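Novice: Sharing a structure below in structure tokens format, with a few things to ask.
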Amino acid sequence: MCLIVVAWRCRADFPLVVAANRDEWRERPAEPARWWDEGADLLAGRDLRAGGTWMGVTRQARFAAVTNFRDPADRRSTARSRGMLATEFLAGASGPREYLEGLAARAHEYNAFNLIVGDREALWYFGSRERLARPIEPGVHGLSNHVLDEPWPKVIAGRAAMHDALLDADPAPRLFAMLSERFPVRDEELPDTGVGIEWERRLSSALIVGADYGTRASTVLVVDGGGALRFEERTRDAEGRVSFTTVNGEPVDSASQEAFESAP
């Protein structure tokens, strides 16, 4: 997951709105979002190599999402899977603060990461480089592969799009449009994360395309004031086109699928 934009308690009718792109190597096997067999209350996509997830939600409106912290020097093959952190919170009973404060002592077991976890009462963030659990204040926040609200171009654009989307009765269309953007970023605006200028350029847009690496799924989650949720995930091919869509774990019908595939 390489872009997460969150609106927390900005609207009384939708206290949690999330728009996210999952970027990953295309050879890494995964399955689209569904209700997990061993956890009937857990809705998430699944990494079929390590078993965890990059983003998920439960029927009780527990939420979790994880990104890596981009640092090519921190790639230990012996590290535990970061996707299991999201899964562990979703399947557990600890509150967000309690879970993250307990995680601090073992964060070194994972390659560098960012983790957002929450429930209907609170939303919290933990960055392994900061080693500090902190509450997310009401408002619009963005996270990519640095710390929360680091002003990378795609984070700035994503937050602006979320503010606009919150003016609509249904924020999802504007958010999917944002997640589909391939806006050019000037070299002087690019971060320097140690991966080289060509990769910095390629990774700078919300939607990343390519046969080897890119955006694998775009997701919009809306949780209403009563805890009911809509979790829409669009699987992306190497060209960025939508190849499969689920809503609350169910594939959309063929007519709707055709409409989604013709969308940006």
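Naming scheme: A, B, ... for chains in displayed order of the structure tokens; residues 1 onward per chain; ligands 1 onward as shown.
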Would you please give, as a ChimeraX atom specification, all residues of region 88-212 of chain A that DSSP assigns to alpha helix (DSSP H) based on the backbone?

Specialist: /A:88-91,96-103,153-165,172-179,197-202

Novice: Got a sec: who's within 9 Å of Leu143 (chain A), counting only C-alpha atoms, leaving out chain neighbours fewer than 2 positions off, as a count of residues only?

Specialist: 15

Novice: Name the closest residue to Asn248 (chain A) among the candidates A:Ala228, A:Ile156, A:Val140, A:Ala65; distances are taken between atoms, counting only C-alpha atoms.

Specialist: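 Smallest distance to Asn248 (chain A) is found for A:Ala228.
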
Novice: So that I can see what lies close to region 176-192 of chain A, please list as a list in words the residues with an atom at most 7 Å from it, counting only C-alpha atoms and leaving out residues fewer than 2 positions away in the same chain.

Specialist: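 In the requested form, the answer reads Asn21, Trp152, Gly158, Ala161, Ala172, Pro173, Arg174, Gly194, Glu200, Ser204, Ser205, Ala206, Leu207, Ser218 and Pro264 of chain A.
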
Novice: For the atom pair CA of Ala211 (chain A) and CA of Ala33 (chain A), what is the interatomic distance in Å to one decimal place?

Specialist: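 One can read the CA of Ala211 (chain A) to CA of Ala33 (chain A) distance as 21.9 Å.
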
Novice: Have a look at A:Ala133, A:Leu90, A:Val57, A:Ile116 and name the one nearest to Ala104 (chain A); count only C-alpha atoms.

Specialist: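 Closest to Ala104 (chain A), using only C-alpha atoms: A:Ala133.
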
Novice: Calculate how many Å separate CA of Ala107 (chain A) from CA of Gly56 (chain A), rounding to one decimal.

Specialist: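 Separation between CA of Ala107 (chain A) and CA of Gly56 (chain A): 20.3 Å.
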
Novice: Just the residues within 8 Å of region 74-81 of chain A, please, counting only C-alpha atoms, with nothing from its chain fewer than 5 positions along; format it as a VMD selection string.

Specialist: chain A and resid 50 52 109 to 112

Novice: Might you pull out every residue within 9 Å of Asp23 (chain A), with only C-alpha atoms counted and same-chain residues fewer than 6 positions away left off, and present them as a compact mmCIF listing (two decimals) with C-alpha atoms, in the first residue's frame?

Specialist:
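Output file out_20.txt follows:
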```
# COMPACT_ATOMS: atom_id res chain seq x y z
CA MET A 1 0.00 0.00 0.00
CA CYS A 2 1.67 3.22 -1.11
CA LEU A 3 -1.00 5.89 -0.79
CA LEU A 207 -1.46 5.51 -10.07
CA ILE A 208 1.67 3.59 -11.00
CA TYR A 213 5.62 -3.10 -10.48
CA GLY A 214 2.61 -0.85 -10.04
CA THR A 215 -0.78 -0.18 -8.53
CA ARG A 216 -2.46 -3.53 -7.99
CA ALA A 217 -5.68 -2.30 -6.37
```

Novice: Determine the nearest neighbour of Ala44 (chain A) from the options A:Ala91, A:Leu16, A:Leu175, A:Asp164, counting only C-alpha atoms.

Specialist: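 Looking at the shortest contact to Ala44 (chain A), the residue is A:Ala91.
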
Novice: Taking 5 positions as the minimum chain separation for residues in the same chain, which residues sit within 10 Å of Ala64 (chain A) when counting only C-alpha atoms? Answer as a VMD selection string.

Specialist: chain A and resid 44 53 to 58 83 85 to 90 96 115 to 119 123 to 125

Novice: Please compute the CA of Trp36 (chain A)-CA of Leu48 (chain A) distance, one decimal, in Å.

Specialist: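 Computing it gives 12.7 Å between the two atoms.
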
Novice: Calculated over only C-alpha atoms, which of the candidates A:Val195, A:Val247, A:Val223, A:Val242 has the smallest distance to Asp71 (chain A)?

Specialist: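 Closest to Asp71 (chain A), using only C-alpha atoms: A:Val195.
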
Novice: I need the residue nearest Gly92 (chain A) from this list: A:Ala105, A:Ile197, A:Leu42, A:Val220. Use only C-alpha atoms for the distance.

Specialist: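 Under the stated criterion, the closest residue is A:Leu42.
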
Novice: Could you give me the residues within region 1-36 of chain A that DSSP places in strand (DSSP E), as a ChimeraX atom specification?

Specialist: /A:3-8,16-25,30-36

Novice: Please produce a file of the residues just selected, as a compact mmCIF listing (two decimals), in the first residue's frame, where the atoms kept are N, CA and C atoms.

Specialist:
```
# COMPACT_ATOMS: atom_id res chain seq x y z
N LEU A 3 -0.32 4.62 -0.99
CA LEU A 3 -1.00 5.89 -0.79
C LEU A 3 -2.27 5.63 -0.01
N ILE A 4 -2.40 6.30 1.11
CA ILE A 4 -3.61 6.21 1.93
C ILE A 4 -4.02 7.63 2.30
N VAL A 5 -5.24 8.00 1.97
CA VAL A 5 -5.78 9.30 2.36
C VAL A 5 -6.99 9.03 3.25
N VAL A 6 -7.01 9.63 4.42
CA VAL A 6 -8.02 9.35 5.43
C VAL A 6 -8.72 10.64 5.85
N ALA A 7 -10.04 10.60 5.87
CA ALA A 7 -10.83 11.68 6.46
C ALA A 7 -11.44 11.12 7.75
N TRP A 8 -11.02 11.67 8.88
CA TRP A 8 -11.46 11.16 10.18
C TRP A 8 -12.32 12.21 10.86
N LEU A 16 -15.59 8.00 8.95
CA LEU A 16 -14.33 7.50 8.39
C LEU A 16 -14.48 7.29 6.89
N VAL A 17 -13.62 7.96 6.13
CA VAL A 17 -13.54 7.77 4.68
C VAL A 17 -12.08 7.54 4.34
N VAL A 18 -11.81 6.49 3.57
CA VAL A 18 -10.44 6.14 3.21
C VAL A 18 -10.36 5.90 1.72
N ALA A 19 -9.31 6.43 1.09
CA ALA A 19 -9.00 6.14 -0.31
C ALA A 19 -7.56 5.67 -0.36
N ALA A 20 -7.31 4.54 -1.01
CA ALA A 20 -5.97 3.96 -0.96
C ALA A 20 -5.61 3.22 -2.24
N ASN A 21 -4.35 3.30 -2.59
CA ASN A 21 -3.78 2.50 -3.67
C ASN A 21 -2.75 1.55 -3.08
N ARG A 22 -2.84 0.30 -3.48
CA ARG A 22 -1.83 -0.67 -3.09
C ARG A 22 -0.87 -0.86 -4.26
N ASP A 23 0.40 -0.53 -4.05
CA ASP A 23 1.44 -0.70 -5.07
C ASP A 23 2.33 -1.86 -4.65
N GLU A 24 2.60 -2.76 -5.61
CA GLU A 24 3.35 -3.97 -5.27
C GLU A 24 3.94 -4.57 -6.53
N TRP A 25 4.96 -5.41 -6.36
CA TRP A 25 5.50 -6.18 -7.47
C TRP A 25 4.40 -7.10 -8.01
N ALA A 30 -1.65 -12.45 -4.88
CA ALA A 30 -2.61 -11.89 -3.94
C ALA A 30 -4.01 -12.18 -4.44
N GLU A 31 -4.98 -12.12 -3.55
CA GLU A 31 -6.37 -12.28 -3.96
C GLU A 31 -7.15 -11.03 -3.60
N PRO A 32 -8.21 -10.73 -4.36
CA PRO A 32 -9.01 -9.52 -4.10
C PRO A 32 -9.72 -9.59 -2.76
N ALA A 33 -10.26 -8.45 -2.36
CA ALA A 33 -10.94 -8.34 -1.07
C ALA A 33 -12.13 -9.29 -1.01
N ARG A 34 -12.23 -9.99 0.11
CA ARG A 34 -13.36 -10.88 0.38
C ARG A 34 -13.44 -11.07 1.88
N TRP A 35 -14.56 -11.66 2.33
CA TRP A 35 -14.70 -12.03 3.74
C TRP A 35 -13.89 -13.30 3.97
N TRP A 36 -12.96 -13.25 4.92
CA TRP A 36 -12.06 -14.37 5.14
C TRP A 36 -12.79 -15.55 5.78
```
